[in-house]
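> Structure supplied as final_13.txt; contents: compact mmCIF, C-alpha atoms and all ligand atoms.
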```txt
# COMPACT_ATOMS: atom_id res chain seq x y z
CA MET A 1 216.53 122.31 109.73
CA ALA A 2 213.85 124.10 111.77
CA ALA A 3 210.51 124.13 109.96
CA ILE A 4 210.10 127.81 110.69
CA VAL A 5 209.70 130.60 108.17
CA ARG A 6 210.56 134.22 108.98
CA TYR A 7 208.66 136.88 107.14
CA GLY A 8 208.48 140.65 106.84
CA MET A 9 205.73 142.99 105.74
CA VAL A 10 205.73 146.16 103.63
CA GLY A 11 202.63 148.27 104.23
CA GLY A 12 199.91 147.34 106.68
CA ASP A 13 200.34 149.95 109.40
CA SER A 14 197.80 149.74 112.18
CA GLY A 15 195.38 152.03 110.31
CA ALA A 16 195.51 150.08 107.03
CA PHE A 17 192.92 147.65 105.74
CA ILE A 18 194.37 144.45 104.33
CA GLY A 19 197.77 144.17 106.04
CA THR A 20 196.12 143.27 109.34
CA VAL A 21 194.08 140.55 107.62
CA HIS A 22 197.29 139.09 106.18
CA ARG A 23 199.01 139.04 109.56
CA ARG A 24 196.05 137.37 111.25
CA ALA A 25 195.83 134.79 108.46
CA ILE A 26 199.54 133.97 108.63
CA ARG A 27 199.16 133.44 112.40
CA PHE A 28 196.85 130.51 111.63
CA ASP A 29 200.07 128.77 110.56
CA GLU A 30 202.41 128.32 113.48
CA ARG A 31 205.37 127.81 111.13
CA ALA A 32 205.64 131.51 110.16
CA HIS A 33 206.82 134.38 112.35
CA LEU A 34 206.78 138.11 111.61
CA VAL A 35 210.24 139.53 112.35
CA ALA A 36 210.59 142.68 110.22
CA GLY A 37 208.55 145.41 108.60
CA SER A 38 208.28 148.75 106.88
CA PHE A 39 204.66 149.48 107.58
CA SER A 40 204.29 153.08 106.42
CA ALA A 41 206.21 155.42 104.16
CA SER A 42 204.19 158.54 104.95
CA SER A 43 204.50 158.40 108.76
CA GLN A 44 207.57 157.07 110.57
CA GLN A 45 205.65 157.39 113.83
CA LYS A 46 202.97 155.01 112.53
CA ASN A 47 205.71 152.73 111.22
CA LYS A 48 207.42 152.54 114.63
CA ASP A 49 204.14 152.27 116.55
CA THR A 50 203.01 149.35 114.37
CA GLY A 51 206.35 147.57 114.87
CA ALA A 52 206.07 148.10 118.64
CA LEU A 53 202.47 146.88 118.68
CA LEU A 54 203.59 143.72 116.93
CA GLY A 55 206.52 143.21 119.33
CA LEU A 56 209.24 143.59 116.69
CA ASP A 57 212.86 144.41 117.40
CA PRO A 58 212.97 148.19 116.64
CA LYS A 59 216.15 147.60 114.57
CA ARG A 60 214.04 145.55 112.18
CA VAL A 61 211.38 148.22 111.69
CA TYR A 62 212.76 149.98 108.64
CA SER A 63 212.10 153.48 107.40
CA SER A 64 211.99 152.29 103.78
CA TYR A 65 211.39 149.05 101.90
CA GLU A 66 214.74 149.49 100.08
CA GLU A 67 216.61 149.51 103.41
CA MET A 68 214.56 146.55 104.63
CA ALA A 69 215.33 144.42 101.56
CA ARG A 70 219.05 145.26 101.77
CA GLU A 71 219.45 144.74 105.51
CA GLU A 72 217.32 141.62 105.76
CA ALA A 73 219.25 139.98 102.91
CA ARG A 74 222.50 140.57 104.85
CA ARG A 75 221.32 138.98 108.09
CA GLU A 76 221.95 135.32 108.94
CA ASP A 77 218.43 135.24 110.36
CA GLY A 78 216.92 137.44 107.62
CA ILE A 79 213.38 137.04 106.33
CA ASP A 80 212.51 134.17 103.98
CA PHE A 81 209.64 136.03 102.36
CA VAL A 82 208.04 139.44 102.24
CA SER A 83 204.32 140.17 102.20
CA ILE A 84 203.58 143.30 100.14
CA VAL A 85 200.30 144.95 101.18
CA THR A 86 200.73 148.48 99.85
CA PRO A 87 198.64 150.36 97.24
CA ASN A 88 198.95 149.25 93.60
CA VAL A 89 201.45 151.87 92.38
CA THR A 90 204.18 150.53 94.68
CA HIS A 91 203.89 146.76 94.02
CA PHE A 92 206.34 146.55 91.13
CA ASP A 93 209.22 148.49 92.72
CA ILE A 94 208.84 146.81 96.10
CA ALA A 95 208.59 143.28 94.65
CA LYS A 96 211.59 143.93 92.42
CA ALA A 97 213.68 145.17 95.36
CA PHE A 98 213.05 142.01 97.40
CA LEU A 99 213.51 139.61 94.48
CA SER A 100 216.78 141.33 93.64
CA GLU A 101 217.97 140.58 97.18
CA GLY A 102 216.99 136.90 96.90
CA ILE A 103 213.81 137.06 99.02
CA HIS A 104 210.56 135.23 98.12
CA VAL A 105 207.52 137.48 97.54
CA MET A 106 203.80 137.35 98.29
CA CYS A 107 202.24 140.44 96.73
CA GLU A 108 198.77 141.95 96.71
CA LYS A 109 196.82 142.26 93.49
CA PRO A 110 196.62 143.89 91.00
CA LEU A 111 200.25 142.90 90.57
CA SER A 112 201.48 145.97 88.65
CA PHE A 113 200.47 148.88 86.46
CA THR A 114 201.69 147.34 83.19
CA VAL A 115 201.90 143.87 81.67
CA GLU A 116 205.61 144.48 80.97
CA GLN A 117 206.26 145.10 84.66
CA ALA A 118 204.41 141.92 85.63
CA GLU A 119 206.41 139.93 83.09
CA GLU A 120 209.64 141.45 84.38
CA LEU A 121 208.76 140.23 87.88
CA LYS A 122 208.14 136.74 86.54
CA ALA A 123 211.47 136.73 84.69
CA LEU A 124 213.34 137.97 87.77
CA SER A 125 211.73 135.42 90.10
CA GLU A 126 212.60 132.62 87.68
CA GLN A 127 216.14 133.84 87.20
CA LYS A 128 216.62 133.92 90.98
CA GLY A 129 214.76 130.65 91.66
CA LEU A 130 212.32 132.47 93.95
CA LEU A 131 208.65 131.90 94.73
CA PHE A 132 206.18 134.60 93.78
CA GLY A 133 202.63 134.49 95.15
CA VAL A 134 199.84 136.92 94.29
CA ASN A 135 197.06 137.28 96.83
CA TYR A 136 193.93 136.23 94.94
CA SER A 137 192.47 135.49 98.32
CA TYR A 138 189.09 134.00 97.41
CA THR A 139 190.72 130.90 95.90
CA GLY A 140 191.68 129.99 99.47
CA TYR A 141 188.09 129.15 100.41
CA VAL A 142 187.53 125.42 100.90
CA LEU A 143 184.53 125.44 98.57
CA ALA A 144 186.60 127.09 95.81
CA LYS A 145 188.93 124.13 96.01
CA VAL A 146 186.01 121.66 96.15
CA MET A 147 184.44 123.25 93.04
CA ARG A 148 187.76 123.10 91.22
CA GLU A 149 188.08 119.38 91.93
CA MET A 150 184.47 118.79 90.89
CA VAL A 151 185.04 120.53 87.54
CA ARG A 152 188.28 118.56 87.04
CA ASP A 153 186.48 115.32 87.90
CA GLY A 154 183.86 116.08 85.23
CA LYS A 155 180.95 116.46 87.68
CA ILE A 156 179.39 119.20 85.52
CA GLY A 157 180.80 118.03 82.20
CA LYS A 158 182.21 120.55 79.74
CA VAL A 159 181.83 124.17 80.88
CA ILE A 160 179.55 125.95 78.41
CA ASN A 161 178.76 129.23 80.18
CA VAL A 162 179.85 131.29 83.21
CA ASN A 163 178.00 134.10 84.92
CA ALA A 164 179.84 135.96 87.67
CA GLU A 165 179.53 139.23 89.53
CA TYR A 166 181.22 141.24 92.25
CA PRO A 167 179.04 144.16 93.36
CA GLN A 168 179.78 146.56 96.21
CA GLU A 169 178.07 149.82 97.16
CA TRP A 170 180.71 151.79 99.05
CA LEU A 171 181.48 154.35 96.28
CA LEU A 172 177.84 155.36 95.85
CA ASP A 173 178.89 158.30 97.97
CA ASP A 174 180.81 159.49 94.91
CA LEU A 175 177.66 159.77 92.86
CA HIS A 176 175.78 161.61 95.59
CA PRO A 177 178.37 162.98 98.04
CA VAL A 178 177.15 163.61 101.56
CA PRO A 179 178.85 166.83 102.76
CA GLY A 180 181.23 166.15 105.64
CA GLN A 181 180.88 162.37 105.41
CA GLU A 182 184.14 160.42 105.17
CA LEU A 183 184.54 157.50 102.80
CA LYS A 184 184.84 154.11 104.44
CA LEU A 185 187.77 152.64 102.48
CA SER A 186 191.06 154.02 101.20
CA VAL A 187 190.18 156.63 98.58
CA TRP A 188 193.46 156.08 96.72
CA ARG A 189 191.52 153.48 94.70
CA LYS A 190 189.93 156.36 92.75
CA ASP A 191 193.25 158.03 91.96
CA PRO A 192 194.93 156.96 88.67
CA GLU A 193 198.35 157.90 90.08
CA VAL A 194 197.99 155.30 92.83
CA ALA A 195 195.47 152.77 91.53
CA GLY A 196 196.54 152.61 87.86
CA ILE A 197 194.31 152.63 84.79
CA SER A 198 191.30 151.12 86.57
CA ASN A 199 189.52 151.37 89.89
CA CYS A 200 186.65 148.88 90.03
CA VAL A 201 187.97 146.33 87.52
CA GLY A 202 191.48 146.34 89.02
CA ASP A 203 190.20 146.21 92.57
CA ILE A 204 187.44 143.59 92.35
CA GLY A 205 186.94 142.61 88.68
CA THR A 206 190.33 140.90 88.78
CA HIS A 207 189.04 138.64 91.56
CA ILE A 208 186.28 137.39 89.22
CA GLU A 209 188.79 136.76 86.43
CA ASN A 210 191.13 134.81 88.69
CA PHE A 211 188.43 132.91 90.58
CA VAL A 212 186.72 131.64 87.41
CA HIS A 213 190.08 130.63 85.94
CA TYR A 214 191.00 128.82 89.18
CA VAL A 215 187.78 126.84 89.38
CA THR A 216 187.27 126.05 85.67
CA GLY A 217 190.84 126.05 84.33
CA LEU A 218 189.57 128.21 81.45
CA ASN A 219 191.62 131.09 80.07
CA ILE A 220 190.09 134.21 78.54
CA LYS A 221 190.90 134.44 74.84
CA ARG A 222 189.21 137.78 74.20
CA LEU A 223 186.71 140.13 75.81
CA LEU A 224 184.57 143.19 75.26
CA ALA A 225 183.53 145.67 77.92
CA VAL A 226 181.49 148.71 78.80
CA THR A 227 182.57 150.70 81.85
CA ASN A 228 180.90 153.58 83.70
CA HIS A 229 182.86 156.36 85.36
CA PHE A 230 179.97 158.60 86.45
CA GLY A 231 182.19 161.66 86.07
CA GLN A 232 185.16 160.13 87.94
CA PRO A 233 188.61 159.61 86.39
CA LEU A 234 188.36 155.82 86.77
CA ASP A 235 185.66 153.17 86.38
CA LEU A 236 183.09 152.50 89.11
CA ASN A 237 181.06 149.87 87.24
CA ALA A 238 181.81 147.42 84.40
CA ASN A 239 179.95 144.88 82.28
CA ILE A 240 182.28 142.46 80.54
CA LEU A 241 181.61 139.68 78.02
CA VAL A 242 184.40 137.11 77.73
CA GLU A 243 185.24 134.25 75.38
CA TYR A 244 187.32 131.40 76.78
CA ASP A 245 189.88 129.22 75.06
CA ASN A 246 187.32 126.36 74.88
CA GLY A 247 184.91 128.57 72.89
CA ALA A 248 182.45 129.09 75.77
CA ASN A 249 181.35 132.55 76.88
CA GLY A 250 181.04 134.25 80.24
CA ALA A 251 179.45 137.47 81.50
CA TYR A 252 181.10 139.39 84.36
CA TRP A 253 179.77 142.40 86.22
CA CYS A 254 181.64 144.34 88.86
CA SER A 255 180.48 147.49 90.58
CA GLN A 256 181.27 149.75 93.51
CA VAL A 257 177.98 151.62 93.17
CA ALA A 258 175.39 148.82 93.50
CA ALA A 259 173.09 149.85 96.33
CA GLY A 260 172.34 147.14 98.84
CA THR A 261 175.39 145.01 98.04
CA LEU A 262 178.51 144.57 100.18
CA ASN A 263 181.06 142.03 98.95
CA GLY A 264 178.77 140.11 96.64
CA LEU A 265 181.21 137.97 94.67
CA ALA A 266 179.02 135.25 93.17
CA VAL A 267 179.97 132.71 90.53
CA ARG A 268 177.71 130.41 88.51
CA ILE A 269 179.33 127.81 86.30
CA TYR A 270 177.20 125.89 83.83
CA GLY A 271 178.41 122.68 82.24
CA ASP A 272 176.69 120.32 79.81
CA GLN A 273 176.18 117.86 82.70
CA GLY A 274 175.30 120.19 85.58
CA SER A 275 176.06 123.46 87.35
CA LEU A 276 177.75 125.00 90.39
CA GLU A 277 176.80 128.20 92.20
CA TRP A 278 178.78 129.84 95.01
CA GLN A 279 178.58 133.12 96.91
CA GLN A 280 181.42 134.73 98.83
CA GLU A 281 179.11 136.03 101.53
CA ASN A 282 178.00 132.46 102.30
CA PRO A 283 181.28 130.74 101.48
CA ASP A 284 180.84 127.39 103.23
CA PHE A 285 178.14 126.24 100.82
CA VAL A 286 177.95 125.45 97.12
CA ARG A 287 174.80 124.65 95.17
CA TYR A 288 175.48 121.69 92.89
CA THR A 289 172.89 120.60 90.35
CA PRO A 290 173.67 117.46 88.36
CA ARG A 291 171.82 117.62 85.04
CA GLY A 292 168.23 116.36 85.38
CA GLU A 293 168.45 116.00 89.18
CA ALA A 294 167.44 118.05 92.17
CA PRO A 295 169.91 120.72 93.39
CA ARG A 296 172.16 119.73 96.30
CA LEU A 297 173.65 122.03 98.91
CA LEU A 298 177.19 120.86 99.65
CA THR A 299 179.22 122.11 102.57
CA ARG A 300 182.85 121.73 103.54
CA GLY A 301 184.20 118.93 105.69
CA ASN A 302 181.18 116.65 105.42
CA GLY A 303 181.50 112.92 104.83
CA TYR A 304 179.83 113.11 101.46
CA LEU A 305 182.61 115.37 100.19
CA LYS A 306 185.36 112.92 99.41
CA GLU A 307 187.41 115.60 97.68
CA LYS A 308 190.90 116.26 98.99
CA ALA A 309 189.96 119.91 98.96
CA ALA A 310 187.58 119.39 101.88
CA ALA A 311 190.68 118.74 104.01
CA TYR A 312 191.40 122.48 103.92
CA SER A 313 188.65 122.95 106.53
CA GLN A 314 190.17 124.41 109.69
CA LEU A 315 187.01 124.04 111.81
CA PRO A 316 184.33 121.35 112.07
CA THR A 317 181.37 121.88 109.76
CA GLY A 318 178.77 124.30 111.10
CA HIS A 319 181.33 126.70 112.55
CA PRO A 320 181.61 129.47 109.94
CA GLU A 321 185.23 130.05 108.87
CA GLY A 322 185.25 133.12 106.63
CA LEU A 323 187.77 135.35 104.89
CA HIS A 324 190.61 134.98 107.39
CA VAL A 325 190.71 131.24 106.74
CA ALA A 326 190.64 131.77 102.97
CA PHE A 327 193.75 133.95 103.33
CA ALA A 328 195.22 131.43 105.77
CA ASN A 329 194.81 128.53 103.34
CA LEU A 330 196.59 130.52 100.66
CA TYR A 331 199.48 131.30 103.02
CA LYS A 332 199.56 127.74 104.35
CA ASN A 333 200.50 126.47 100.90
CA PHE A 334 202.86 129.35 100.23
CA ILE A 335 204.68 128.70 103.53
CA THR A 336 204.88 124.99 102.67
CA ALA A 337 206.42 125.96 99.31
CA VAL A 338 208.96 128.25 101.03
CA LEU A 339 210.02 125.40 103.32
CA MET A 340 210.22 122.97 100.39
CA ASN A 341 212.28 125.50 98.42
CA LYS A 342 214.71 125.71 101.36
CA ARG A 343 215.11 121.94 101.18
CA GLY A 344 215.69 122.13 97.43
CA GLU A 345 212.39 120.37 96.62
CA ASP A 346 210.20 120.97 93.58
CA THR A 347 207.24 123.23 94.45
CA THR A 348 205.44 123.34 91.09
CA SER A 349 202.50 121.24 92.31
CA ILE A 350 201.79 123.42 95.36
CA ASP A 351 198.48 125.24 95.01
CA PHE A 352 198.76 129.01 95.47
CA PRO A 353 198.17 131.90 93.04
CA ARG A 354 201.40 132.68 91.26
CA VAL A 355 203.02 135.45 89.25
CA GLU A 356 201.38 134.05 86.08
CA ASP A 357 197.99 134.71 87.69
CA GLY A 358 199.17 138.23 88.45
CA ILE A 359 200.15 138.74 84.80
CA ASN A 360 196.74 137.48 83.64
CA GLY A 361 195.06 139.93 86.01
CA VAL A 362 196.99 142.90 84.60
CA LYS A 363 196.24 141.76 81.03
CA PHE A 364 192.55 141.49 81.93
CA VAL A 365 192.45 145.06 83.30
CA HIS A 366 194.20 146.47 80.23
CA ALA A 367 191.91 144.58 77.84
CA VAL A 368 188.78 145.86 79.64
CA VAL A 369 190.00 149.46 79.59
CA LYS A 370 191.01 149.21 75.92
CA SER A 371 187.68 147.70 74.88
CA ALA A 372 185.66 150.24 76.86
CA ALA A 373 187.63 153.08 75.25
CA ASN A 374 186.89 151.69 71.77
CA ASP A 375 183.13 151.33 71.78
CA ALA A 376 183.19 147.87 73.36
CA CYS A 377 185.24 146.22 70.61
CA TRP A 378 186.64 142.70 71.09
CA VAL A 379 190.17 142.75 72.54
CA GLU A 380 192.46 139.69 72.47
CA LEU A 381 194.33 138.92 75.68
N1 LIG B 401 193.13 140.37 98.00
C1 LIG B 401 192.18 141.08 98.54
O1 LIG B 401 191.12 140.56 98.86
C2 LIG B 401 192.41 142.55 98.81
C3 LIG B 401 191.55 143.27 99.66
C4 LIG B 401 191.85 144.61 99.93
C5 LIG B 401 192.96 145.21 99.36
N2 LIG B 401 193.74 144.50 98.50
C6 LIG B 401 194.94 145.11 97.89
O2 LIG B 401 195.86 145.39 98.94
C7 LIG B 401 196.60 146.56 98.66
C8 LIG B 401 196.47 147.51 99.87
O3 LIG B 401 195.13 147.88 100.04
P1 LIG B 401 194.57 148.47 101.43
O4 LIG B 401 193.10 148.64 101.26
O5 LIG B 401 195.07 147.69 102.59
O6 LIG B 401 195.26 149.93 101.43
P2 LIG B 401 195.47 150.88 102.68
O7 LIG B 401 195.59 152.24 102.12
O8 LIG B 401 194.47 150.61 103.73
O9 LIG B 401 196.89 150.40 103.25
C9 LIG B 401 198.09 150.62 102.54
C10 LIG B 401 199.27 150.55 103.51
O10 LIG B 401 200.48 150.64 102.78
C11 LIG B 401 201.35 151.59 103.43
N3 LIG B 401 202.32 152.05 102.44
C12 LIG B 401 202.09 152.75 101.29
N4 LIG B 401 203.24 152.92 100.62
C13 LIG B 401 204.22 152.33 101.36
C14 LIG B 401 205.62 152.17 101.19
N5 LIG B 401 206.27 152.66 100.13
N6 LIG B 401 206.32 151.51 102.17
C15 LIG B 401 205.68 151.02 103.25
N7 LIG B 401 204.36 151.13 103.46
C16 LIG B 401 203.63 151.78 102.52
C17 LIG B 401 200.39 152.63 103.99
O11 LIG B 401 201.00 153.39 105.00
C18 LIG B 401 199.30 151.70 104.52
O12 LIG B 401 199.70 151.17 105.77
C19 LIG B 401 196.03 147.11 97.36
O13 LIG B 401 196.87 146.75 96.29
C20 LIG B 401 194.68 146.44 97.22
O14 LIG B 401 194.29 146.24 95.86
C21 LIG B 401 193.49 143.20 98.23
```
Mind converting the file's structure to structure tokens?
Ligand SMILES: NC(=O)c1ccc[n+]([C@@H]2O[C@H](COP(=O)([O-])OP(=O)(O)OC[C@H]3O[C@@H](n4cnc5c(N)ncnc54)[C@H](O)[C@@H]3O)[C@@H](O)[C@H]2O)c1


Amino acid sequence: MAAIVRYGMVGGDSGAFIGTVHRRAIRFDERAHLVAGSFSASSQQKNKDTGALLGLDPKRVYSSYEEMAREEARREDGIDFVSIVTPNVTHFDIAKAFLSEGIHVMCEKPLSFTVEQAEELKALSEQKGLLFGVNYSYTGYVLAKVMREMVRDGKIGKVINVNAEYPQEWLLDDLHPVPGQELKLSVWRKDPEVAGISNCVGDIGTHIENFVHYVTGLNIKRLLAVTNHFGQPLDLNANILVEYDNGANGAYWCSQVAAGTLNGLAVRIYGDQGSLEWQQENPDFVRYTPRGEAPRLLTRGNGYLKEKAAAYSQLPTGHPEGLHVAFANLYKNFITAVLMNKRGEDTTSIDFPRVEDGINGVKFVHAVVKSAANDACWVEL
């Protein structure tokens, strides 16, 4: 059997943000080929133009995702998986349509509007024996995997506190609009009809929740939160206190109105035997401090990193890799799982964010919104 995977994409026309990043990242893996798409619902011209730009057979550029799921499922050479890179409101219906036709799914986060929808997607994927990935992209960084192994190997002992943040500044324009100036990113994020019950927490706070869980293995038991809307329908800033299942606490801050910050995801994990600190904007390095010793700056792919995780490096050390490679590492494992699934092999040990992570993300968003609406009371997850 050829070790080739065919995939299709929903969303990601040539003017979109994240779809292009997905396609580039998948190209890092020569086993996967794009063969079908429905890239835009609002403009069939953009849909066709994107398909043409990508060299697709025009018959496989579909005017709707429903038609794409149906037609691709009928073809002998139909797609093995679909990558869903549309705004939040559409994720549930699109994922359900492809699962129903027997097609594996990789979906953007946040997975759905409601926890019930996310759980329905899990049930359907299990019933159909299909893989379901959720694109918590930052867990694809080599150093995320190195930190995870270090925590598992007890290098920092028991985790006793976490401090993590994800500040951006791009919605400052909302607080002080500049007449005539266009916003830089898709403004649908501010619209409850399209984004759901949260803007900032759903968009970037969920990355903190998933990243900390990935690295530490800890689950949030309960949380309390204060959010700031600054006159907008949805949150632009949130301070969140969490309690994990091991009794430790964590403090998370996410913001889209923090002047001078860009994509400042930063995570500090403190154990009783040491600590780890990592920043997304300098992702090839992690600061490791064993208790009572001098801090060490570890980088990927170096001899002193014996961890298996270091093998995810796609370039020799010293050549910065960046976000495309983080996405690529995530897809590399997902594509491996798709091929294994075709051969009837067990894929449970393959490392990629799954539908359960998506469910946790939706639960996290709902708990934050509920707490913030109730004077920052504790909310169980
Ligand atoms: N994991 C990450 O790091 C990350 C980063 C950015 C965005 N995202 C997520 O990706 C998703 C998309 O965000 P974006 O910034 O790329 O949005 P965007 O507005 O730039 O792009 C959305 C695309 O979806 C298309 N689309 C909308 N509805 C469609 C439908 N029914 N059928 C086909 N195409 C349709 C639009 O035409 C557009 O091409 C969001 O859920 C967002 O939260 C994740």

> Which neighbours of segment 15-24 of chain A fall inside 8 Å, counting all atoms listed in the file, when residues of the same chain fewer than 3 positions from it are skipped, and could you give them as an mmCIF file with C-alpha atoms, in the frame of the given file?


```cif
data_model
loop_
_atom_site.group_PDB
_atom_site.id
_atom_site.type_symbol
_atom_site.label_atom_id
_atom_site.label_comp_id
_atom_site.auth_asym_id
_atom_site.auth_seq_id
_atom_site.Cartn_x
_atom_site.Cartn_y
_atom_site.Cartn_z
ATOM 1 C CA GLY A 11 202.630 148.270 104.230
ATOM 2 C CA GLY A 12 199.910 147.340 106.680
ATOM 3 C CA ARG A 27 199.160 133.440 112.400
ATOM 4 C CA PHE A 28 196.850 130.510 111.630
ATOM 5 C CA VAL A 85 200.300 144.950 101.180
ATOM 6 C CA LEU A 185 187.770 152.640 102.480
ATOM 7 C CA HIS A 324 190.610 134.980 107.390
ATOM 8 C CA PHE A 327 193.750 133.950 103.330
ATOM 9 C CA ALA A 328 195.220 131.430 105.770
#
```

> For atom CA of Arg291 of chain A and atom CA of Gly140 of chain A, quote the distance in Å rounded to one decimal.

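Rounded to one decimal, the two atoms are 27.5 Å apart.
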
> Taking all atoms listed in the file into account, which residues are within 6 Å of ligand LIG 401 (chain B), as an NGL selection string?

:A and (10-13 or 16-19 or 38-41 or 64-65 or 85-88 or 108-110 or 135-137 or 186 or 203)

> Of the residues A:Ser63, A:Thr348, A:Gln117, A:Gln181, which is the one nearest to Val89 of chain A, using only C-alpha atoms?

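Checking each candidate against Val89 of chain A, we get A:Gln117 as the closest.
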
> Take atom CA of Val178 of chain A and atom CA of Thr261 of chain A and report the distance between them in Å, one decimal.

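According to the coordinates, atom CA of Val178 of chain A and atom CA of Thr261 of chain A are separated by 19.0 Å.
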
> Each residue of segment 220-320 of chain A with at least one atom at most 12 Å from segment 353-365 of chain A should appear once, together with its nearest atom pair and the corresponding distance in Å (one decimal); atoms considered: only C-alpha atoms; ordering: chain, then increasing residue number; output as a tab-separated table.


```
residue	atom	partner	partner_atom	distance
A:Ile220	CA	A:Phe364	CA	8.4
A:Lys221	CA	A:Phe364	CA	10.1
A:Arg222	CA	A:Phe364	CA	9.2
A:Leu223	CA	A:Phe364	CA	8.6
A:Leu224	CA	A:Phe364	CA	10.5
A:Ala225	CA	A:Val365	CA	10.4
A:Thr227	CA	A:Val365	CA	11.5
A:Asp235	CA	A:Val365	CA	11.0
A:Ala238	CA	A:Val365	CA	11.0
A:Ile240	CA	A:Phe364	CA	10.4
A:Leu241	CA	A:Phe364	CA	11.8
A:Val242	CA	A:Phe364	CA	10.2
A:Tyr252	CA	A:Phe364	CA	11.9
```

> For Asn329 of chain A, work out the shell of residues within 9 Å, counting only C-alpha atoms and skipping chain neighbours fewer than 2 positions away, then give it as a CSV table (one decimal) with C-alpha atoms, keeping the file's coordinate frame.


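Below is the file that was written, around_31.csv:
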```csv
chain,number,residue,atom,x,y,z
A,25,ALA,CA,195.8,134.8,108.5
A,26,ILE,CA,199.5,134.0,108.6
A,28,PHE,CA,196.8,130.5,111.6
A,29,ASP,CA,200.1,128.8,110.6
A,137,SER,CA,192.5,135.5,98.3
A,139,THR,CA,190.7,130.9,95.9
A,140,GLY,CA,191.7,130.0,99.5
A,141,TYR,CA,188.1,129.2,100.4
A,142,VAL,CA,187.5,125.4,100.9
A,312,TYR,CA,191.4,122.5,103.9
A,313,SER,CA,188.6,123.0,106.5
A,314,GLN,CA,190.2,124.4,109.7
A,324,HIS,CA,190.6,135.0,107.4
A,325,VAL,CA,190.7,131.2,106.7
A,326,ALA,CA,190.6,131.8,103.0
A,327,PHE,CA,193.8,134.0,103.3
A,331,TYR,CA,199.5,131.3,103.0
A,332,LYS,CA,199.6,127.7,104.4
A,333,ASN,CA,200.5,126.5,100.9
A,334,PHE,CA,202.9,129.4,100.2
A,352,PHE,CA,198.8,129.0,95.5
```

> Scan for residues within 9 Å of the point (199.3, 157.2, 93.5) in the coordinates of the file, using all atoms listed in the file, and reply as number ranges by chain.

A: 87-90, 188-189, 191-196

> Restrict the calculation to all atoms listed in the file, then for each residue of segment 80-181 of chain A with any atom at most 9 Å from an atom of segment 301-307 of chain A give the closest atom pair and their distance in Å to one decimal, rows by chain and rising residue number, as CSV.


```
residue,atom,partner,partner_atom,distance
A:Val142,CA,A:Gly301,CA,8.7
A:Lys145,CA,A:Glu307,CA,8.8
A:Val146,CA,A:Glu307,CA,6.4
A:Glu149,CA,A:Glu307,CA,6.9
A:Met150,CA,A:Glu307,CA,8.1
```

> What does the structure give for the distance between atom CA of His213 of chain A and atom CA of Asp245 of chain A, in Å to one decimal?

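Taking atom CA of His213 of chain A as the start and atom CA of Asp245 of chain A as the end point, the length is 11.0 Å.
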
> Of the candidates A:Thr114, A:Gln168, A:Asn199, A:Ser83, which shows the shortest atom-to-atom distance to Gln232 of chain A, using only C-alpha atoms?

A:Asn199

> Do a neighbour search on Phe132 of chain A at 8 Å with all atoms listed in the file, toss out local chain neighbours closer than 3 positions, and write the hits as a ChimeraX atom specification.

/A:104-107,122,125,354-355

> Between A:Ile350, A:Leu218, A:Val226, A:Val159, which is the closest to Leu330 of chain A once you count all atoms listed in the file?

A:Ile350

> Could you check the closest approach to Gly205 of chain A for each of A:Lys59, A:His176, A:Arg6, A:His366 and tell me which residue wins, using only C-alpha atoms?

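Comparing A:Lys59, A:His176, A:Arg6, A:His366 against Gly205 of chain A, the winner is A:His366.
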
> Identify which of the residues A:Asp93, A:Asp174, A:Glu101, A:Glu380 lies closest to Glu243 of chain A, counting all atoms listed in the file when measuring atom-to-atom distances.

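Closest to Glu243 of chain A of all the choices is A:Glu380.
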
> Identify, on the basis of all atoms listed in the file, every residue whose closest approach to Cys200 of chain A does not exceed 7 Å; exclude the query and any residue fewer than 2 positions from it along the same chain; express the result as a PyMOL selection string.

chain A and resi 198+202-205+235-237+254-256

> Using only C-alpha atoms, can you tell me which of A:Val162, A:Val187, A:Ile335, A:Arg152 comes closest to Asn249 of chain A?

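So, comparing all the options, the nearest one is A:Val162.
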
> List every residue of segment 100-189 of chain A that has an atom at most 10 Å from any atom of segment 67-78 of chain A, giving for each one its closest atom pair and the distance in Å to one decimal, counting all atoms listed in the file, sorted by chain and then by ascending residue number, as a Markdown table.


```
| residue | atom | partner | partner_atom | distance |
| --- | --- | --- | --- | --- |
| A:Ser100 | CA | A:Ala69 | CA | 8.6 |
| A:Glu101 | CA | A:Ala73 | CA | 5.9 |
| A:Gly102 | CA | A:Ala73 | CA | 7.1 |
| A:Ile103 | CA | A:Ala73 | CA | 7.3 |
```

> Any chance you could work out the axis-aligned box around segment 288-296 of chain A, listed atoms only, 4 Å on each side, giving centre and edge lengths in Å to one decimal, as JSON?


```
{"center_x": 171.5, "center_y": 118.8, "center_z": 90.7, "size_x": 16.0, "size_y": 13.7, "size_z": 19.3}
```

> Do a neighbour search on Val82 of chain A at 6 Å with only C-alpha atoms, toss out local chain neighbours closer than 5 positions, and write the hits as an NGL selection string.

:A and (7-9 or 105)

> Generate the output file for the selected residues, C-alpha atoms, as a PDB file, keeping the file's coordinate frame.


```
ATOM      1  CA  TYR A   7     208.660 136.880 107.140  1.00  0.00           C
ATOM      2  CA  GLY A   8     208.480 140.650 106.840  1.00  0.00           C
ATOM      3  CA  MET A   9     205.730 142.990 105.740  1.00  0.00           C
ATOM      4  CA  VAL A 105     207.520 137.480  97.540  1.00  0.00           C
TER       5      VAL A 105
END
```
